Each structure stands twice: as structure tokens, then as C-alpha cells.
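Raw contents of run-v1.cif, mmCIF, C-alpha atoms:
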```cif
data_work
#
loop_
_atom_site.label_atom_id
_atom_site.label_comp_id
_atom_site.auth_asym_id
_atom_site.auth_seq_id
_atom_site.Cartn_x
_atom_site.Cartn_y
_atom_site.Cartn_z
CA MET A 12 -50.94 -22.28 16.92
CA THR A 13 -51.62 -21.44 13.27
CA GLU A 14 -51.59 -24.78 11.46
CA GLN A 15 -50.93 -24.87 7.73
CA HIS A 16 -52.28 -27.81 5.74
CA SER A 17 -49.30 -27.86 3.37
CA PRO A 18 -46.52 -26.04 5.22
CA GLU A 19 -43.18 -25.29 3.68
CA TYR A 20 -40.28 -26.96 5.45
CA THR A 21 -39.58 -24.59 8.34
CA MET A 22 -35.80 -24.86 8.13
CA GLY A 23 -35.54 -24.30 4.38
CA TYR A 24 -32.54 -25.64 2.44
CA GLY A 25 -29.87 -22.96 2.86
CA GLU A 26 -26.18 -23.80 2.52
CA ASP A 27 -25.48 -23.90 6.26
CA PHE A 28 -28.55 -26.02 6.99
CA MET A 29 -27.40 -28.46 4.34
CA GLN A 30 -24.05 -28.57 6.16
CA LEU A 31 -25.94 -29.42 9.35
CA LEU A 32 -27.64 -32.34 7.58
CA ASP A 33 -24.28 -33.48 6.25
CA ARG A 34 -23.00 -33.81 9.82
CA ARG A 35 -25.71 -36.37 10.57
CA LYS A 36 -24.63 -40.00 10.23
CA ALA A 37 -26.26 -43.30 11.19
CA GLU A 38 -23.45 -44.04 13.64
CA SER A 39 -24.16 -40.85 15.62
CA HIS A 40 -27.78 -39.94 14.88
CA ALA A 41 -29.33 -43.41 14.70
CA ALA A 42 -27.07 -45.08 17.28
CA TYR A 43 -30.13 -46.03 19.38
CA LEU A 44 -31.54 -48.02 16.42
CA LEU A 45 -28.48 -49.58 14.77
CA PRO A 46 -28.26 -52.57 17.17
CA LYS A 47 -31.76 -53.59 16.03
CA LEU A 48 -30.76 -53.82 12.35
CA GLU A 49 -29.67 -57.08 10.75
CA PRO A 50 -28.43 -58.08 7.29
CA GLY A 51 -31.28 -58.96 4.94
CA MET A 52 -33.91 -56.71 6.53
CA ARG A 53 -36.21 -54.37 4.60
CA VAL A 54 -35.89 -50.84 6.00
CA LEU A 55 -37.77 -47.61 5.26
CA ASP A 56 -36.25 -44.19 6.00
CA PHE A 57 -39.16 -41.74 5.79
CA GLY A 58 -38.17 -38.09 5.53
CA CYS A 59 -34.69 -39.21 4.51
CA GLY A 60 -33.48 -35.81 3.29
CA PRO A 61 -30.09 -35.96 1.53
CA GLY A 62 -29.47 -39.51 2.71
CA THR A 63 -26.56 -38.89 5.07
CA ILE A 64 -28.14 -41.18 7.69
CA SER A 65 -29.73 -43.43 5.06
CA VAL A 66 -26.47 -44.73 3.62
CA GLY A 67 -25.35 -45.97 7.04
CA LEU A 68 -28.67 -47.73 7.58
CA ALA A 69 -28.47 -49.29 4.12
CA ARG A 70 -24.96 -50.54 4.88
CA ALA A 71 -26.15 -52.13 8.15
CA ILE A 72 -28.76 -54.29 6.40
CA GLU A 73 -26.85 -55.29 3.23
CA PRO A 74 -27.86 -57.24 1.21
CA GLY A 75 -31.31 -56.28 2.50
CA GLU A 76 -33.63 -53.85 0.76
CA PHE A 77 -33.49 -50.16 1.75
CA HIS A 78 -35.92 -47.42 0.70
CA GLY A 79 -35.68 -43.72 1.48
CA ILE A 80 -38.48 -41.25 0.79
CA ASP A 81 -38.71 -37.47 1.03
CA MET A 82 -41.09 -34.87 -0.38
CA GLU A 83 -38.23 -32.63 -1.57
CA GLU A 84 -36.97 -33.73 -5.00
CA SER A 85 -33.64 -31.91 -4.66
CA GLN A 86 -32.84 -33.88 -1.50
CA ILE A 87 -33.64 -37.18 -3.17
CA GLY A 88 -31.24 -36.29 -5.95
CA ILE A 89 -28.47 -35.79 -3.40
CA ALA A 90 -29.38 -39.04 -1.62
CA ARG A 91 -29.26 -41.04 -4.86
CA ALA A 92 -25.84 -39.59 -5.70
CA ALA A 93 -24.52 -40.39 -2.20
CA ALA A 94 -25.76 -43.98 -2.41
CA GLN A 95 -24.22 -44.47 -5.83
CA ALA A 96 -20.90 -42.96 -4.73
CA GLY A 97 -20.82 -45.24 -1.70
CA GLY A 98 -21.69 -48.35 -3.65
CA HIS A 99 -24.98 -48.92 -1.82
CA ALA A 100 -26.74 -50.90 -4.56
CA ASN A 101 -29.43 -52.00 -2.10
CA ALA A 102 -30.68 -48.41 -1.56
CA THR A 103 -33.55 -46.89 -3.56
CA PHE A 104 -34.85 -43.36 -3.05
CA HIS A 105 -38.29 -41.96 -3.85
CA VAL A 106 -39.95 -38.56 -3.98
CA GLY A 107 -43.15 -38.87 -1.96
CA ASP A 108 -45.27 -38.03 1.05
CA VAL A 109 -45.09 -39.93 4.35
CA THR A 110 -48.88 -39.76 4.62
CA ASP A 111 -49.26 -41.60 1.28
CA LEU A 112 -46.45 -44.14 1.00
CA PRO A 113 -46.04 -46.07 -2.29
CA PHE A 114 -45.58 -49.46 -0.62
CA GLU A 115 -47.85 -52.42 0.06
CA ASP A 116 -49.11 -53.35 3.51
CA GLY A 117 -46.66 -55.13 5.80
CA TYR A 118 -43.65 -54.62 3.52
CA PHE A 119 -40.94 -53.42 5.95
CA ASP A 120 -39.18 -54.86 8.99
CA VAL A 121 -38.09 -51.44 10.29
CA ALA A 122 -39.11 -47.82 9.65
CA HIS A 123 -36.88 -44.92 10.70
CA CYS A 124 -37.05 -41.15 10.72
CA HIS A 125 -34.92 -38.30 12.03
CA THR A 126 -36.56 -34.91 12.77
CA LEU A 127 -39.43 -35.72 10.43
CA LEU A 128 -42.30 -35.87 12.91
CA THR A 129 -41.09 -32.55 14.32
CA HIS A 130 -42.24 -30.93 11.07
CA VAL A 131 -45.32 -32.98 10.05
CA PRO A 132 -48.54 -31.26 11.20
CA ASP A 133 -50.66 -34.44 11.52
CA THR A 134 -48.48 -36.80 13.56
CA GLN A 135 -51.06 -39.56 13.82
CA LYS A 136 -51.84 -39.57 10.10
CA ALA A 137 -48.14 -40.05 9.35
CA LEU A 138 -47.72 -42.78 11.96
CA ALA A 139 -50.81 -44.63 10.75
CA GLU A 140 -49.35 -44.81 7.25
CA VAL A 141 -45.96 -45.97 8.52
CA LYS A 142 -47.69 -48.59 10.66
CA ARG A 143 -49.55 -49.83 7.58
CA VAL A 144 -46.34 -50.61 5.67
CA LEU A 145 -44.65 -52.33 8.64
CA LYS A 146 -44.90 -56.08 9.17
CA PRO A 147 -46.50 -57.35 12.41
CA GLY A 148 -43.62 -57.32 14.87
CA GLY A 149 -41.87 -54.63 12.83
CA LEU A 150 -40.11 -51.72 14.52
CA ILE A 151 -40.47 -47.98 14.22
CA GLY A 152 -37.61 -45.77 15.42
CA ALA A 153 -37.53 -41.99 15.57
CA ARG A 154 -35.15 -39.32 16.85
CA GLU A 155 -36.90 -35.97 17.13
CA MET A 156 -36.01 -32.53 18.42
CA ASN A 157 -36.77 -31.55 22.00
CA GLY A 158 -36.50 -27.79 21.73
CA GLY A 159 -37.14 -27.17 25.41
CA SER A 160 -33.92 -29.01 26.31
CA SER A 161 -31.76 -27.14 23.80
CA PHE A 162 -29.47 -24.36 24.95
CA MET A 163 -26.57 -22.03 24.30
CA ALA A 164 -24.11 -20.95 26.97
CA PRO A 165 -22.86 -18.75 28.43
CA ASP A 166 -25.07 -15.68 28.67
CA TRP A 167 -27.58 -16.41 25.91
CA ASP A 168 -31.15 -15.12 26.05
CA ASP A 169 -33.42 -18.20 25.98
CA GLU A 170 -36.15 -16.04 24.47
CA GLY A 171 -34.39 -16.63 21.17
CA TRP A 172 -34.92 -20.40 21.50
CA ARG A 173 -38.57 -19.83 22.42
CA THR A 174 -39.03 -17.66 19.32
CA PHE A 175 -37.58 -20.41 17.13
CA MET A 176 -39.94 -22.98 18.67
CA SER A 177 -42.92 -20.64 18.24
CA LEU A 178 -42.10 -20.23 14.54
CA LEU A 179 -41.86 -23.99 14.09
CA GLU A 180 -45.20 -24.46 15.84
CA ALA A 181 -46.83 -21.72 13.76
CA ASN A 182 -45.85 -23.69 10.66
CA GLY A 183 -47.64 -26.79 11.94
CA GLY A 184 -44.58 -28.32 13.62
CA HIS A 185 -43.94 -29.81 17.04
CA PRO A 186 -40.84 -28.28 18.65
CA ASN A 187 -40.89 -30.73 21.57
CA MET A 188 -41.78 -33.87 19.61
CA GLY A 189 -38.76 -35.61 21.16
CA ARG A 190 -40.45 -35.75 24.55
CA GLU A 191 -43.80 -36.66 23.00
CA LEU A 192 -42.62 -39.68 20.98
CA LYS A 193 -43.52 -42.41 23.44
CA ASP A 194 -47.06 -41.10 23.83
CA ALA A 195 -47.44 -40.54 20.07
CA PHE A 196 -46.40 -44.13 19.32
CA LEU A 197 -48.83 -45.51 21.89
CA GLN A 198 -51.65 -43.39 20.47
CA ALA A 199 -50.85 -44.79 17.02
CA GLY A 200 -51.26 -48.36 18.31
CA PHE A 201 -47.60 -49.34 18.61
CA VAL A 202 -46.57 -51.30 21.69
CA SER A 203 -43.53 -51.75 23.95
CA PRO A 204 -42.04 -48.28 23.38
CA VAL A 205 -38.49 -47.75 24.67
CA ALA A 206 -37.51 -44.08 24.98
CA SER A 207 -34.11 -42.43 25.37
CA ALA A 208 -32.51 -39.02 24.81
CA SER A 209 -29.32 -37.50 23.45
CA PHE A 210 -27.83 -34.20 22.29
CA ASP A 211 -26.13 -32.82 19.23
CA PHE A 212 -23.35 -30.95 21.03
CA PHE A 213 -21.29 -28.04 19.70
CA THR A 214 -18.24 -27.13 21.76
CA HIS A 215 -15.02 -27.32 19.71
CA GLU A 216 -13.85 -24.22 17.86
CA ASP A 217 -14.97 -25.49 14.44
CA ASP A 218 -18.35 -26.55 15.90
CA ILE A 219 -18.90 -23.08 17.33
CA ALA A 220 -18.01 -21.46 14.01
CA PHE A 221 -20.41 -23.81 12.24
CA PHE A 222 -23.27 -23.17 14.69
CA HIS A 223 -22.73 -19.41 14.39
CA GLY A 224 -22.93 -19.63 10.59
CA PHE A 225 -25.95 -21.91 10.70
CA SER A 226 -27.79 -19.48 12.99
CA LEU A 227 -27.03 -16.57 10.67
CA ASP A 228 -28.08 -18.58 7.62
CA TRP A 229 -31.49 -19.44 9.01
CA PHE A 230 -32.62 -17.65 12.16
CA PHE A 231 -31.37 -14.19 11.20
CA THR A 232 -32.57 -14.09 7.61
CA PRO A 233 -35.10 -11.42 6.56
CA ARG A 234 -37.69 -14.15 5.89
CA VAL A 235 -37.54 -15.45 9.44
CA ILE A 236 -37.39 -12.02 11.07
CA GLU A 237 -40.41 -10.92 9.05
CA ALA A 238 -42.39 -14.01 10.07
CA ALA A 239 -41.47 -13.66 13.76
CA THR A 240 -42.44 -9.99 13.88
CA MET A 241 -45.66 -10.61 11.91
CA PHE A 242 -46.77 -13.27 14.42
CA GLY A 243 -45.69 -11.07 17.34
CA PHE A 244 -43.13 -13.58 18.61
CA ALA A 245 -40.28 -11.05 18.73
CA THR A 246 -39.37 -7.53 17.64
CA LYS A 247 -36.74 -6.43 15.12
CA GLU A 248 -34.91 -4.81 18.03
CA GLN A 249 -34.72 -8.18 19.80
CA PHE A 250 -33.28 -9.79 16.68
CA GLU A 251 -30.69 -7.04 16.42
CA GLN A 252 -29.66 -7.64 20.04
CA TRP A 253 -29.59 -11.43 19.58
CA ARG A 254 -27.36 -10.95 16.53
CA ARG A 255 -24.91 -8.88 18.57
CA ASP A 256 -25.06 -11.45 21.37
CA LEU A 257 -24.42 -14.29 18.90
CA ASP A 258 -21.33 -12.58 17.49
CA GLU A 259 -20.03 -12.04 21.03
CA TRP A 260 -20.90 -15.61 22.07
CA LYS A 261 -18.79 -16.99 19.24
CA THR A 262 -15.65 -15.32 20.66
CA LYS A 263 -16.00 -16.73 24.17
CA PRO A 264 -13.70 -19.65 25.10
CA SER A 265 -16.57 -21.30 27.00
CA ALA A 266 -19.07 -21.08 24.11
CA THR A 267 -21.29 -24.16 23.96
CA ALA A 268 -24.52 -25.09 22.17
CA ALA A 269 -26.67 -28.20 22.33
CA ILE A 270 -29.77 -29.37 20.48
CA GLY A 271 -31.81 -31.84 22.52
CA PHE A 272 -33.40 -34.94 21.00
CA GLY A 273 -35.74 -37.63 22.21
CA GLU A 274 -35.55 -41.13 20.73
CA CYS A 275 -38.01 -43.99 20.79
CA ILE A 276 -38.35 -47.49 19.36
CA ALA A 277 -41.72 -49.26 19.36
CA THR A 278 -43.27 -52.37 17.82
CA LYS A 279 -46.25 -52.97 15.54
CA PRO A 280 -48.39 -55.63 17.25
#
```
Could you spell out this file's structure in C-alpha cells?
Amino acid sequence: MTEQHSPEYTMGYGEDFMQLLDRRKAESHAAYLLPKLEPGMRVLDFGCGPGTISVGLARAIEPGEFHGIDMEESQIGIARAAAQAGGHANATFHVGDVTDLPFEDGYFDVAHCHTLLTHVPDTQKALAEVKRVLKPGGLIGAREMNGGSSFMAPDWDDEGWRTFMSLLEANGGHPNMGRELKDAFLQAGFVSPVASASFDFFTHEDDIAFFHGFSLDWFFTPRVIEAATMFGFATKEQFEQWRRDLDEWKTKPSATAAIGFGECIATKP
């Protein structure tokens, strides 16, 4: 693994990836955590991105205090606009780094992230900072990708998935963080972890069309192909074949894709 100290976000911010983020809502992507939220709580959403999950979390704790933080300024701009449009006056968004949070010790009741730890090179440094800003008895909840459980069917070469995971790892990420969450939380000093799992599933015609476009927008771009061939993860010929296979996959009535996720909630002692 070639770890970068300040890696660029592996997925980038292309149009189709932004559409993927827009499909993520608290009701679907933080369903494991929502029953733990109560009106009046203080909640942190670290790595909040464009705020599509954040606004649902902010609604669940109204009139409580909600803060979202992300290192990408353009995403915070989108999140602020979404909160204003939805009338979420209790939501504030910040540009910042999860390893250096601008909050005092013991400030939050709950901290949440979605596919953030998947991309942060130093998991324990991030969790230590989140633990610092949680109250004793406060909860941390995360839903993170489990690349090894993801698939496309029928007749898709899994070597393509392995290449994607290798690229993520080469950029300092953790493609199977979903299955590592419980252990990571225990290492960070959290207690009573409760783990679960779920999938983002793509099976309807519009889902398949979206997943096809998303794959083209990210995985088959010259930037990604160049990186994969430079690291020796795949050849240009393999990418050409995967592209043909993807176009054929899209036309099949049985086409299905799924991205696996692990979830975990734990407590600060």
C-alpha cells in the first residue's frame, strides 16, 4: 500500500458521483442510527459532503444543534444551500479537517459519518479527535464501504472490483472499512459496539442506467486508467474489455449491482 499523507479524495467530484451522493438520505443511509436521535441533541456529521444525509439528521434533532464539517469547500456550499432551502435553521456547516475539529471537548451527544473513514488514511487519529468532542456516554455511528461484499451480476469480472479497491488503498483508503468498524472503534477506546450491514442496491432500469453512467464517469476516466496501469493493478486492455462488458451488462434484463456497507454504533465511556 502506498500511503499519501494528504491524499486527494479518491472518488473526485464528477457529475455522476455527485448524483450518487444526492441519492443518499438519512432515512436510507443512516437508518441504523436514526432511532438513537432525539429532539434537542447536539449532533456532528463529520465528512458531511453536500449534506444530503445531514439535513435528515438535523430534522431528527430539531430544535437541537447540528454541525456538519467537510474538507471540501464546494461541498459545504451545497450543504449550506440545502439546509437553507429546507428550512433547517439548526444546521451549521464548516470547512475543516476531521483530525482537527473546531469544537471544545465533550460538546456533542452523537457523531456520525458515512463513507468518511473509508477514505481517511489514519483511522485512529480521526477517531481520537471525534472521541474528544463527544460527551461521556455519547455515541459514534458510521456506515462505511465493504468493497469485498460488493458485486455486479450477471457475468461481471470481479477483477474490476479488486482494481477499484486497490486504487482506493493506494490513495491511503480502506476499501473494507465496513467490516473493520467494530474493531476500529474498540481500538479507539469506544465501548459496547453494535455492528450491522446493509447494501446500496441497483436493480431497477433507472438504477442500472445510473450505475452505468457513474462507472463511466469515474472508473473509466483517463485519470483512473492511468493510475491503475501505473501501479500495475490492471492493463489498458483489461479496461477496454471491462468497458465493453459494462455496456453489455447494462442491456441485460437481470442486471444488478450492489455496494456493501458495514455499520456500527459505539459509546464513549
Practice task
Using the chain letters and residue numbers of this document, give as JSON, numbers by chain the residues selected by the PyMOL selection byres ((chain A and resi 61-78) around 8).
Solution key: {"A": [32, 33, 34, 35, 36, 37, 38, 40, 41, 45, 48, 49, 50, 51, 52, 53, 54, 55, 56, 59, 60, 79, 80, 86, 87, 88, 89, 90, 91, 93, 94, 97, 99, 101, 102, 103, 104, 105]}
Problem - Best match for closeness to Phe250 of chain A among A:Phe114, A:Phe119, A:Phe231, A:Phe222, counting only C-alpha atoms - result: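 Smallest separation from Phe250 of chain A among the options: A:Phe231.
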Fill in the blank from the handout: Between atom CA of Glu180 of chain A and atom CA of Glu248 of chain A lies a distance of 22.3 Å
Problem - Radius query 9 Å about (-51.9, -46.1, 3.8), atoms used: all atoms listed in the file, as a ChimeraX atom specification - result: /A:110-116,139-144
Completion exercise
note - atom CA of Phe242 of chain A and atom CA of Lys261 of chain A are separated by 28.6 Å
